[in-house]
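Colleague: Just so it is clear, I am handing over start-v8.txt, which has compact mmCIF, C-alpha atoms and all ligand atoms.
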# COMPACT_ATOMS: atom_id res chain seq x y z
CA MET A 857 -0.39 13.22 -26.39
CA THR A 858 -2.99 14.14 -23.74
CA ASP A 859 -2.54 17.00 -21.24
CA PHE A 860 -1.55 16.09 -17.69
CA VAL A 861 -0.53 17.54 -14.34
CA TYR A 862 2.27 15.71 -12.56
CA ALA A 863 3.58 16.35 -9.03
CA GLN A 864 5.68 14.26 -6.68
CA PRO A 865 6.62 16.16 -3.51
CA VAL A 866 8.30 13.44 -1.40
CA LYS A 867 12.07 13.57 -0.89
CA ILE A 868 13.17 9.96 -1.38
CA PHE A 869 16.31 8.50 0.22
CA PHE A 870 16.84 5.07 -1.37
CA GLY A 871 19.49 2.44 -0.73
CA ALA A 872 20.79 -0.35 1.47
CA GLY A 873 21.97 1.17 4.77
CA GLN A 874 20.11 4.50 4.30
CA PHE A 875 18.19 3.98 7.53
CA ARG A 876 21.45 4.16 9.48
CA ALA A 877 21.64 7.79 8.30
CA LEU A 878 18.27 8.61 9.93
CA GLY A 879 19.96 11.07 12.32
CA ASP A 880 21.54 13.02 9.43
CA ILE A 881 18.29 12.97 7.49
CA LEU A 882 16.36 14.35 10.50
CA THR A 883 18.97 17.12 10.76
CA GLN A 884 18.59 17.89 7.03
CA LEU A 885 14.82 18.09 7.47
CA GLY A 886 15.10 20.28 10.58
CA ALA A 887 13.31 17.73 12.80
CA GLU A 888 13.89 18.34 16.50
CA ARG A 889 11.25 16.31 18.33
CA CYS A 890 9.89 13.09 16.85
CA VAL A 891 7.52 10.29 17.75
CA ILE A 892 7.69 6.89 16.10
CA ALA A 893 4.73 4.71 15.06
CA CYS A 894 5.60 1.08 14.38
CA GLY A 895 4.42 -2.50 14.84
CA ARG A 896 5.53 -4.95 17.49
CA HIS A 897 8.31 -6.39 15.32
CA PHE A 898 10.13 -3.05 15.28
CA ALA A 899 9.12 -1.62 18.70
CA PRO A 900 12.18 -2.86 20.68
CA THR A 901 14.54 -1.37 18.06
CA ALA A 902 12.59 1.89 18.07
CA ARG A 903 12.84 2.13 21.88
CA ALA A 904 16.59 1.47 21.70
CA MET A 905 16.90 4.24 19.08
CA CYS A 906 15.21 6.68 21.51
CA GLU A 907 17.98 5.95 24.03
CA GLN A 908 20.58 6.93 21.42
CA ASP A 909 19.06 10.10 19.96
CA ALA A 910 17.36 12.65 22.23
CA ARG A 911 15.27 13.94 19.29
CA LEU A 912 13.35 10.63 19.27
CA CYS A 913 10.92 11.24 22.15
CA ALA A 914 8.29 8.49 22.20
CA VAL A 915 7.17 5.28 20.50
CA PHE A 916 3.71 3.96 19.73
CA GLY A 917 4.72 0.35 19.10
CA GLU A 918 1.35 -1.38 18.84
CA VAL A 919 0.33 -0.81 15.20
CA GLU A 920 -1.68 -3.82 14.01
CA GLN A 921 -2.36 -5.19 10.53
CA ASN A 922 -5.43 -3.23 9.40
CA PRO A 923 -4.37 -0.32 11.64
CA GLN A 924 -6.96 1.03 14.03
CA LEU A 925 -8.06 4.61 14.57
CA SER A 926 -7.32 4.12 18.29
CA GLY A 927 -3.62 3.69 17.37
CA VAL A 928 -3.74 6.88 15.31
CA ALA A 929 -5.30 8.75 18.26
CA GLU A 930 -2.65 7.42 20.66
CA THR A 931 0.22 8.37 18.32
CA ALA A 932 -1.27 11.87 17.95
CA ARG A 933 -1.62 12.12 21.74
CA LEU A 934 2.06 11.18 22.21
CA ALA A 935 3.02 13.75 19.57
CA ARG A 936 1.11 16.48 21.43
CA GLU A 937 2.56 15.41 24.77
CA CYS A 938 6.12 15.55 23.36
CA LYS A 939 5.44 18.76 21.42
CA ALA A 940 6.71 16.82 18.42
CA ASP A 941 7.35 18.40 15.03
CA THR A 942 7.70 15.07 13.20
CA VAL A 943 6.00 11.67 13.14
CA ILE A 944 8.12 8.80 11.82
CA GLY A 945 6.28 5.70 10.57
CA ILE A 946 8.49 2.59 10.44
CA GLY A 947 7.01 -0.68 9.20
CA GLY A 948 4.58 -1.93 6.62
CA GLY A 949 1.78 0.17 5.18
CA SER A 950 -0.11 -0.16 8.47
CA SER A 951 2.58 1.75 10.42
CA LEU A 952 3.08 4.32 7.67
CA ASP A 953 -0.66 5.03 7.44
CA THR A 954 -0.90 5.37 11.24
CA ALA A 955 1.97 7.87 11.27
CA LYS A 956 0.50 9.85 8.34
CA PHE A 957 -2.94 10.16 9.96
CA ALA A 958 -1.49 11.01 13.40
CA ALA A 959 0.71 13.76 11.89
CA ALA A 960 -2.34 15.18 10.11
CA ILE A 961 -4.49 15.52 13.26
CA ALA A 962 -1.95 16.09 16.04
CA LEU A 963 -2.34 19.88 15.93
CA GLY A 964 -6.15 19.75 15.78
CA ASP A 965 -8.55 20.20 18.65
CA ALA A 966 -11.11 17.56 17.66
CA ASP A 967 -11.37 13.87 18.29
CA ALA A 968 -9.68 11.51 15.76
CA LEU A 969 -13.14 10.11 14.95
CA ALA A 970 -14.42 13.51 13.79
CA TYR A 971 -11.63 13.69 11.17
CA TYR A 972 -12.13 10.02 10.24
CA ARG A 973 -15.83 10.56 9.63
CA GLY A 974 -15.18 13.77 7.69
CA GLU A 975 -17.17 15.82 10.23
CA LYS A 976 -14.20 18.18 10.72
CA PRO A 977 -11.74 19.35 8.04
CA PHE A 978 -8.12 18.42 8.73
CA PRO A 979 -6.25 21.16 10.62
CA ALA A 980 -4.47 23.70 8.40
CA LYS A 981 -1.09 22.77 9.94
CA ARG A 982 0.28 19.29 10.35
CA LEU A 983 3.49 17.69 11.56
CA ARG A 984 6.31 16.57 9.28
CA ILE A 985 5.97 12.94 8.11
CA VAL A 986 8.94 10.62 7.59
CA ALA A 987 7.92 7.26 6.11
CA VAL A 988 10.23 4.26 6.43
CA PRO A 989 8.76 1.17 4.71
CA THR A 990 9.98 -2.22 5.94
CA THR A 991 7.84 -4.22 3.49
CA ALA A 992 8.12 -3.92 -0.30
CA GLY A 993 4.45 -3.44 -1.08
CA THR A 994 2.15 -0.54 -0.38
CA GLY A 995 4.09 2.45 -1.71
CA SER A 996 2.43 4.41 1.11
CA GLU A 997 5.71 6.32 1.49
CA VAL A 998 4.87 8.29 -1.68
CA THR A 999 1.06 8.51 -1.58
CA GLN A 1000 -1.47 10.84 -0.02
CA VAL A 1001 -3.56 7.88 1.12
CA SER A 1002 -4.13 6.56 4.63
CA VAL A 1003 -6.09 3.35 5.19
CA VAL A 1004 -7.39 3.05 8.74
CA SER A 1005 -10.07 0.90 10.40
CA HIS A 1006 -12.62 1.77 13.04
CA ASP A 1007 -15.30 -0.59 14.37
CA ARG A 1008 -15.72 -2.96 11.40
CA GLU A 1009 -15.13 -0.35 8.73
CA LYS A 1010 -11.84 -0.15 6.79
CA LYS A 1011 -11.65 3.28 5.21
CA THR A 1012 -9.30 4.74 2.62
CA ILE A 1013 -8.90 8.49 2.93
CA ASN A 1014 -7.18 10.30 0.09
CA ASN A 1015 -6.03 13.76 1.13
CA PRO A 1016 -2.89 15.84 0.40
CA VAL A 1017 -2.47 16.26 4.17
CA PHE A 1018 -1.16 12.66 4.28
CA MET A 1019 1.67 13.14 1.78
CA PRO A 1020 4.98 12.27 3.49
CA THR A 1021 7.72 14.89 3.70
CA ALA A 1022 10.41 12.27 3.18
CA ALA A 1023 10.70 8.54 2.53
CA ILE A 1024 13.66 6.41 3.59
CA VAL A 1025 13.55 3.24 1.51
CA ASP A 1026 16.20 0.87 2.85
CA PRO A 1027 15.95 -2.69 1.45
CA GLU A 1028 17.95 -4.06 4.40
CA LEU A 1029 14.89 -3.42 6.59
CA SER A 1030 12.84 -5.89 4.55
CA ALA A 1031 15.27 -8.82 4.94
CA SER A 1032 13.27 -10.13 7.93
CA VAL A 1033 9.86 -10.14 6.19
CA PRO A 1034 8.56 -13.76 6.18
CA PRO A 1035 8.09 -15.45 2.76
CA ARG A 1036 4.28 -15.34 2.65
CA THR A 1037 4.20 -11.63 3.59
CA THR A 1038 6.92 -11.05 0.97
CA MET A 1039 4.60 -12.57 -1.66
CA ASN A 1040 1.46 -10.74 -0.42
CA THR A 1041 3.17 -7.38 -0.35
CA GLY A 1042 5.03 -7.98 -3.63
CA LEU A 1043 1.78 -8.79 -5.43
CA ASP A 1044 0.22 -5.66 -3.87
CA ALA A 1045 3.04 -3.66 -5.47
CA LEU A 1046 2.45 -5.41 -8.80
CA ALA A 1047 -1.26 -4.59 -8.53
CA HIS A 1048 -0.41 -0.91 -7.91
CA ALA A 1049 1.69 -0.76 -11.07
CA LEU A 1050 -0.88 -2.54 -13.23
CA GLU A 1051 -3.83 -0.60 -11.84
CA GLY A 1052 -2.01 2.74 -12.12
CA TYR A 1053 -1.30 1.80 -15.76
CA TRP A 1054 -4.83 0.72 -16.68
CA SER A 1055 -6.62 3.32 -14.49
CA ARG A 1056 -8.89 5.63 -16.50
CA ASN A 1057 -6.76 8.49 -15.07
CA HIS A 1058 -3.40 7.09 -16.17
CA GLN A 1059 -0.85 9.51 -17.55
CA PRO A 1060 2.49 9.25 -19.38
CA ILE A 1061 4.98 9.71 -16.50
CA SER A 1062 3.09 7.33 -14.23
CA ASP A 1063 2.84 4.84 -17.14
CA LEU A 1064 6.62 4.79 -17.50
CA MET A 1065 7.09 4.00 -13.83
CA ALA A 1066 4.36 1.36 -13.95
CA ILE A 1067 6.06 -0.50 -16.81
CA GLU A 1068 9.41 -0.46 -15.03
CA ALA A 1069 7.76 -1.56 -11.75
CA VAL A 1070 6.12 -4.56 -13.47
CA ARG A 1071 9.43 -5.52 -15.09
CA VAL A 1072 11.43 -5.27 -11.85
CA ILE A 1073 8.81 -7.06 -9.71
CA LEU A 1074 8.30 -9.96 -12.13
CA ALA A 1075 12.07 -10.44 -12.34
CA ASN A 1076 12.66 -10.48 -8.57
CA LEU A 1077 9.61 -11.44 -6.51
CA GLU A 1078 10.15 -15.19 -6.69
CA THR A 1079 13.80 -14.85 -5.57
CA ALA A 1080 12.85 -12.51 -2.70
CA TYR A 1081 10.18 -15.05 -1.66
CA ARG A 1082 12.50 -18.07 -1.82
CA ASP A 1083 15.61 -16.36 -0.43
CA GLY A 1084 14.71 -13.48 1.88
CA ALA A 1085 18.38 -12.82 2.68
CA ASN A 1086 19.13 -12.03 -0.99
CA LEU A 1087 19.80 -8.30 -0.74
CA GLU A 1088 19.85 -7.82 -4.51
CA ALA A 1089 16.31 -9.21 -4.83
CA ARG A 1090 15.15 -7.27 -1.75
CA SER A 1091 16.63 -4.06 -3.21
CA ALA A 1092 14.92 -4.65 -6.54
CA MET A 1093 11.61 -5.32 -4.78
CA ALA A 1094 11.98 -2.17 -2.64
CA TYR A 1095 12.58 -0.20 -5.85
CA GLY A 1096 9.70 -1.95 -7.65
CA ALA A 1097 7.31 -1.23 -4.77
CA LEU A 1098 8.42 2.42 -4.66
CA LEU A 1099 7.80 2.72 -8.42
CA GLY A 1100 4.48 0.93 -7.93
CA GLY A 1101 3.48 3.57 -5.36
CA LEU A 1102 4.52 6.38 -7.71
CA SER A 1103 2.60 4.79 -10.60
CA PHE A 1104 -0.75 4.79 -8.79
CA ALA A 1105 -0.26 7.90 -6.59
CA LEU A 1106 -1.95 10.19 -9.14
CA PRO A 1107 -4.04 7.83 -11.37
CA LYS A 1108 -5.36 5.85 -8.34
CA THR A 1109 -6.09 2.14 -8.42
CA ALA A 1110 -9.11 0.42 -9.98
CA ALA A 1111 -11.29 -2.74 -9.91
CA CYS A 1112 -8.81 -5.09 -8.30
CA HIS A 1113 -8.32 -2.77 -5.31
CA ALA A 1114 -12.08 -2.09 -5.19
CA CYS A 1115 -12.61 -5.85 -4.75
CA SER A 1116 -9.87 -6.10 -2.12
CA TYR A 1117 -11.95 -4.18 0.45
CA PRO A 1118 -14.88 -6.64 0.76
CA LEU A 1119 -12.38 -9.54 0.51
CA SER A 1120 -10.41 -8.11 3.48
CA GLU A 1121 -13.40 -6.96 5.53
CA ASP A 1122 -15.64 -10.02 5.14
CA TYR A 1123 -13.15 -12.84 4.45
CA HIS A 1124 -10.12 -11.48 6.35
CA LEU A 1125 -7.56 -11.72 3.56
CA PRO A 1126 -4.46 -9.56 4.19
CA HIS A 1127 -4.43 -6.55 1.87
CA GLY A 1128 -1.88 -7.93 -0.64
CA GLU A 1129 -3.53 -11.35 -0.83
CA ALA A 1130 -6.92 -9.66 -1.30
CA CYS A 1131 -5.55 -7.64 -4.25
CA ALA A 1132 -3.85 -10.70 -5.71
CA PHE A 1133 -7.08 -12.71 -5.47
CA THR A 1134 -8.59 -10.99 -8.53
CA LEU A 1135 -5.46 -9.57 -10.19
CA ASP A 1136 -5.06 -12.29 -12.87
CA SER A 1137 -8.82 -12.16 -13.55
CA PHE A 1138 -8.63 -8.41 -14.18
CA VAL A 1139 -5.54 -8.81 -16.37
CA ARG A 1140 -7.73 -10.98 -18.62
CA LEU A 1141 -10.82 -8.74 -18.33
CA ASN A 1142 -8.85 -5.54 -19.00
CA ALA A 1143 -6.70 -7.00 -21.79
CA ASP A 1144 -6.39 -4.47 -24.61
CA GLU A 1145 -3.72 -3.10 -26.92
CA ARG A 1146 -2.19 -0.89 -24.17
CA LEU A 1147 -1.84 -3.82 -21.78
CA GLU A 1148 -0.41 -5.97 -24.57
CA ALA A 1149 2.18 -3.22 -25.15
CA LEU A 1150 3.14 -3.25 -21.45
CA CYS A 1151 3.52 -7.03 -21.57
CA ARG A 1152 5.80 -6.86 -24.62
CA ALA A 1153 7.83 -4.03 -22.98
CA VAL A 1154 8.56 -6.25 -19.96
CA GLY A 1155 9.52 -9.25 -22.09
CA LEU A 1156 6.27 -11.24 -21.97
CA ARG A 1157 4.46 -12.59 -25.02
CA GLY A 1158 1.18 -10.98 -23.96
CA THR A 1159 -1.54 -10.57 -21.34
CA GLU A 1160 -2.25 -14.31 -21.05
CA GLU A 1161 1.36 -14.93 -20.02
CA LEU A 1162 1.10 -12.09 -17.46
CA ALA A 1163 -2.06 -13.63 -15.98
CA GLN A 1164 -0.36 -17.03 -15.80
CA ARG A 1165 2.74 -15.56 -14.10
CA ILE A 1166 0.53 -13.98 -11.42
CA ALA A 1167 -1.37 -17.23 -10.85
CA ALA A 1168 1.92 -19.15 -10.58
CA LEU A 1169 3.28 -16.72 -7.95
CA LYS A 1170 0.11 -17.10 -5.90
CA GLU A 1171 0.33 -20.88 -6.15
CA LEU A 1172 4.00 -20.86 -5.18
CA ALA A 1173 3.24 -19.09 -1.88
CA GLY A 1174 0.00 -20.99 -1.22
CA LEU A 1175 -2.16 -17.85 -1.45
CA ARG A 1176 -5.88 -18.42 -1.74
CA ARG A 1177 -7.10 -18.45 -5.33
CA ARG A 1178 -10.64 -19.84 -5.22
CA LEU A 1179 -13.81 -18.84 -3.37
CA SER A 1180 -14.01 -22.35 -1.92
CA GLU A 1181 -10.88 -21.49 0.11
CA LEU A 1182 -12.58 -18.51 1.77
CA GLY A 1183 -15.30 -20.46 3.61
CA GLU A 1184 -18.99 -19.72 3.08
CA VAL A 1185 -19.11 -16.96 0.43
CA ASP A 1186 -22.19 -14.90 -0.41
CA VAL A 1187 -21.35 -14.17 -4.08
CA GLU A 1188 -24.35 -11.85 -4.54
CA LYS A 1189 -23.26 -9.63 -1.65
CA LEU A 1190 -19.59 -9.81 -2.63
CA ALA A 1191 -20.36 -8.66 -6.18
CA ARG A 1192 -22.70 -5.93 -4.88
CA ASP A 1193 -20.11 -4.58 -2.40
CA CYS A 1194 -17.31 -4.65 -4.98
CA ALA A 1195 -19.48 -2.86 -7.57
CA ALA A 1196 -20.32 -0.14 -5.03
CA HIS A 1197 -16.69 0.71 -4.26
CA PRO A 1198 -15.71 4.10 -5.77
CA LEU A 1199 -12.42 2.74 -7.20
CA MET A 1200 -14.49 0.48 -9.49
CA ASN A 1201 -15.21 3.59 -11.59
CA ASN A 1202 -11.49 3.86 -12.47
CA ASN A 1203 -11.48 0.51 -14.25
CA PRO A 1204 -11.00 0.80 -18.03
CA VAL A 1205 -13.68 -1.86 -18.63
CA PRO A 1206 -16.96 -0.92 -16.90
CA MET A 1207 -17.82 -3.55 -14.29
CA ASP A 1208 -21.27 -3.96 -12.73
CA GLU A 1209 -22.77 -6.41 -10.28
CA ALA A 1210 -23.56 -8.93 -13.03
CA SER A 1211 -20.08 -8.95 -14.59
CA LEU A 1212 -18.45 -9.13 -11.14
CA ARG A 1213 -20.75 -12.00 -10.17
CA ALA A 1214 -19.68 -13.83 -13.34
CA MET A 1215 -16.01 -13.20 -12.53
CA PHE A 1216 -16.39 -14.57 -8.98
CA GLU A 1217 -18.48 -17.55 -10.20
CA ALA A 1218 -15.53 -18.49 -12.42
CA LEU A 1219 -13.33 -18.47 -9.27
CA ARG A 1220 -15.54 -20.92 -7.30
P1 LIG B 1 1.44 -4.51 7.30
O1 LIG B 1 1.98 -3.17 7.53
O2 LIG B 1 0.09 -4.79 7.86
O3 LIG B 1 2.49 -5.59 7.81
C1 LIG B 1 2.23 -6.96 7.62
C2 LIG B 1 2.95 -7.76 8.70
O4 LIG B 1 4.34 -7.76 8.44
C3 LIG B 1 2.76 -7.18 10.10
O5 LIG B 1 2.57 -8.24 11.01
C4 LIG B 1 4.07 -6.49 10.35
O6 LIG B 1 4.39 -6.41 11.73
C5 LIG B 1 5.05 -7.40 9.61
N1 LIG B 1 6.30 -6.77 9.17
C6 LIG B 1 6.44 -5.59 8.54
N2 LIG B 1 7.72 -5.37 8.24
C7 LIG B 1 8.40 -6.44 8.70
C8 LIG B 1 9.78 -6.80 8.70
N3 LIG B 1 10.70 -6.02 8.14
N4 LIG B 1 10.12 -7.98 9.25
C9 LIG B 1 9.19 -8.79 9.80
N5 LIG B 1 7.89 -8.50 9.84
C10 LIG B 1 7.49 -7.34 9.29
O7 LIG B 1 1.39 -4.91 5.75
P2 LIG B 1 1.54 -4.07 4.42
O8 LIG B 1 1.08 -4.96 3.34
O9 LIG B 1 2.86 -3.44 4.29
O10 LIG B 1 0.46 -2.89 4.60
C11 LIG B 1 -0.91 -3.17 4.46
C12 LIG B 1 -1.72 -1.96 4.86
O11 LIG B 1 -1.39 -0.84 4.04
C13 LIG B 1 -3.21 -2.23 4.65
O12 LIG B 1 -3.96 -1.61 5.68
C14 LIG B 1 -3.48 -1.58 3.32
O13 LIG B 1 -4.84 -1.25 3.13
C15 LIG B 1 -2.58 -0.36 3.39
N6 LIG B 1 -2.20 0.24 2.10
C16 LIG B 1 -1.96 1.57 2.09
C17 LIG B 1 -1.58 2.21 0.91
C18 LIG B 1 -1.32 3.68 0.91
O14 LIG B 1 -1.04 4.25 -0.15
N7 LIG B 1 -1.42 4.34 2.03
C19 LIG B 1 -1.43 1.47 -0.28
C20 LIG B 1 -1.67 0.10 -0.23
C21 LIG B 1 -2.06 -0.51 0.97
If you convert what's in this file into structure tokens, what do you get?

Modeller:
Amino acid sequence: MTDFVYAQPVKIFFGAGQFRALGDILTQLGAERCVIACGRHFAPTARAMCEQDARLCAVFGEVEQNPQLSGVAETARLARECKADTVIGIGGGSSLDTAKFAAAIALGDADALAYYRGEKPFPAKRLRIVAVPTTAGTGSEVTQVSVVSHDREKKTINNPVFMPTAAIVDPELSASVPPRTTMNTGLDALAHALEGYWSRNHQPISDLMAIEAVRVILANLETAYRDGANLEARSAMAYGALLGGLSFALPKTAACHACSYPLSEDYHLPHGEACAFTLDSFVRLNADERLEALCRAVGLRGTEELAQRIAALKELAGLRRRLSELGEVDVEKLARDCAAHPLMNNNPVPMDEASLRAMFEALR
């Protein structure tokens, strides 16, 4: 048994209908003035909620996929204007990450860009963060990560200042997620669990959650994709994605996420699809006795069956699986950019430009 340090500070409210108790939860947390960050799909509901509860003061309802620093700055500005004590992110990972970043900088005196570039340390005090995921994917509700874009750069910042105060995980909110997004986000959650498990920094408690996340996701993702109204499958996926977030929160992700950044930035794959693109390849590359044990624990014969299940899920939803589907691909540059990503160092099998080039060549 190796030594480890484990901490999980987020108060998690899980269950169908939990979001309807938002008012009670805000009271429990002592929140008195809140701003909401969300995407366009939720903005009308958020505005209606403000009419009902005077503690909900303002809405930034323009969060985009690959959320922009400008949205973070605007949410922080609204929070200052309202003298807010809480920022509530409602939506996919993009909305949660916007809310987390805005809460971190709202009480600072510098420009959002100065914090983004690391030119200024985050202010000592931040606002309370309530994270309400409406996709079953990122696990951002339990991580200290915020992924935000500025100009053409998509940057992941890992800082305790982003750790939510509370998460409200209500599977009913995910019933409206379209099938393809259900598959993208579900495979992102699967990638979190697998990468947390095979990360060089994995540890026993995170491992347990990773195994359970893989089991739950493999048993329910296809049903959630085919039948979005199936609340049982949506609940299981919400739980699987939450466990996925918990399983990588401390160990961090590895090669598959490292590759997702160039695939998103240069070939415009949504985050989940970008992670899924190489996930079955890395299952094969990282296959070892530990991964075999995970496969047996979730009822699979071994790593080859896991890789095939992932490929089949991608095929079912029509996700891109080969480089030829991405347009003109510069494999040299892709391999170089993937190798340079810091998360590549967490992979159990060392990967360099040459081995990544070989992996991508096999995906032509
Ligand atoms: P997203 O937040 O970009 O949302 C995808 C799309 O689904 C958007 O158009 C959104 O409006 C829509 N949507 C969301 N919920 C919906 C619902 N209930 N009904 C209908 N439509 C809905 O996608 P995501 O995959 O959840 O998040 C991806 C982002 O999160 C990326 O920027 C990624 O890098 C980041 N991320 C962050 C962490 C973290 O720990 N902070 C972890 C993984 C990924």

Colleague: Which residues of chain A come within 6 Å of ligand LIG 1 (chain B), and for each one, what is the closest pair of atoms and their distance in Å to one decimal, counting all atoms listed in the file, sorted by chain and residue number, as a Markdown table?

Modeller:
| residue | atom | partner | partner_atom | distance |
| --- | --- | --- | --- | --- |
| A:Gly895 | CA | B:LIG1 | O6 | 5.0 |
| A:His897 | CA | B:LIG1 | O6 | 5.3 |
| A:Gln921 | CA | B:LIG1 | O2 | 3.6 |
| A:Asn922 | CA | B:LIG1 | O12 | 4.3 |
| A:Gly947 | CA | B:LIG1 | N2 | 4.8 |
| A:Gly948 | CA | B:LIG1 | O1 | 3.0 |
| A:Gly949 | CA | B:LIG1 | O10 | 3.4 |
| A:Ser950 | CA | B:LIG1 | O1 | 3.8 |
| A:Ser951 | CA | B:LIG1 | O1 | 5.7 |
| A:Asp953 | CA | B:LIG1 | N7 | 5.5 |
| A:Thr990 | CA | B:LIG1 | N3 | 4.4 |
| A:Thr991 | CA | B:LIG1 | N2 | 4.9 |
| A:Gly993 | CA | B:LIG1 | O9 | 5.6 |
| A:Thr994 | CA | B:LIG1 | C20 | 3.9 |
| A:Gly995 | CA | B:LIG1 | O14 | 5.7 |
| A:Ser996 | CA | B:LIG1 | O14 | 3.7 |
| A:Thr999 | CA | B:LIG1 | O14 | 5.0 |
| A:Val1001 | CA | B:LIG1 | N7 | 4.2 |
| A:Ser1002 | CA | B:LIG1 | N7 | 4.4 |
| A:Val1003 | CA | B:LIG1 | O13 | 5.2 |
| A:Leu1029 | CA | B:LIG1 | N3 | 5.2 |
| A:Ser1030 | CA | B:LIG1 | N3 | 4.2 |
| A:Ser1032 | CA | B:LIG1 | N4 | 4.0 |
| A:Val1033 | CA | B:LIG1 | N4 | 3.8 |
| A:Thr1041 | CA | B:LIG1 | O8 | 4.9 |
| A:His1127 | CA | B:LIG1 | C14 | 5.3 |
| A:Gly1128 | CA | B:LIG1 | O8 | 5.8 |

Colleague: Quick one: residues within 12 Å of Asn1014 of chain A, all atoms listed in the file counted, chain neighbours fewer than 2 positions away excluded, as an NGL selection string?

Modeller: :A and (953 or 956-957 or 972 or 974 or 978 or 996 or 999-1004 or 1011-1012 or 1016-1019 or 1105-1106 or 1108-1109 or 1199)

Colleague: For Lys981 of chain A, list every protein, DNA or RNA residue within 10 Å, evaluated using only C-alpha atoms, and leave out those in the same chain fewer than 5 positions away; present the list as a list in words.

Modeller: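 The filter keeps Ala959, Ala960, Ile961, Ala962, Leu963, Gly964 and Val1017 of chain A.
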
Colleague: Find the residue from A:Ile1024, A:Val1187, A:Ala1163, A:Ala872 that sits nearest to Arg1220 of chain A; use all atoms listed in the file when measuring.

Modeller: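 Residue with the minimum atom-to-atom distance to Arg1220 of chain A: A:Val1187.
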
Colleague: Please list as a PyMOL selection string every residue within 10 Å of Glu1160 of chain A, counting all atoms listed in the file and excluding residues in the same chain fewer than 2 positions away.

Modeller: chain A and resi 1136+1139-1140+1143+1148+1151+1156-1158+1162-1165

Colleague: Which centre and which edge lengths, in Å to one decimal, describe the axis-aligned box that holds all listed atoms of segment 1123-1126 of chain A after 8 Å is added on each side, as JSON?

Modeller:
{"center_x": -8.8, "center_y": -11.2, "center_z": 5.0, "size_x": 24.7, "size_y": 19.3, "size_z": 18.8}

Colleague: One decimal, Å: what's the distance from atom CA of Arg973 of chain A over to atom CA of Ala1132 of chain A, could you say?

Modeller: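 According to the coordinates, atom CA of Arg973 of chain A and atom CA of Ala1132 of chain A are separated by 28.8 Å.
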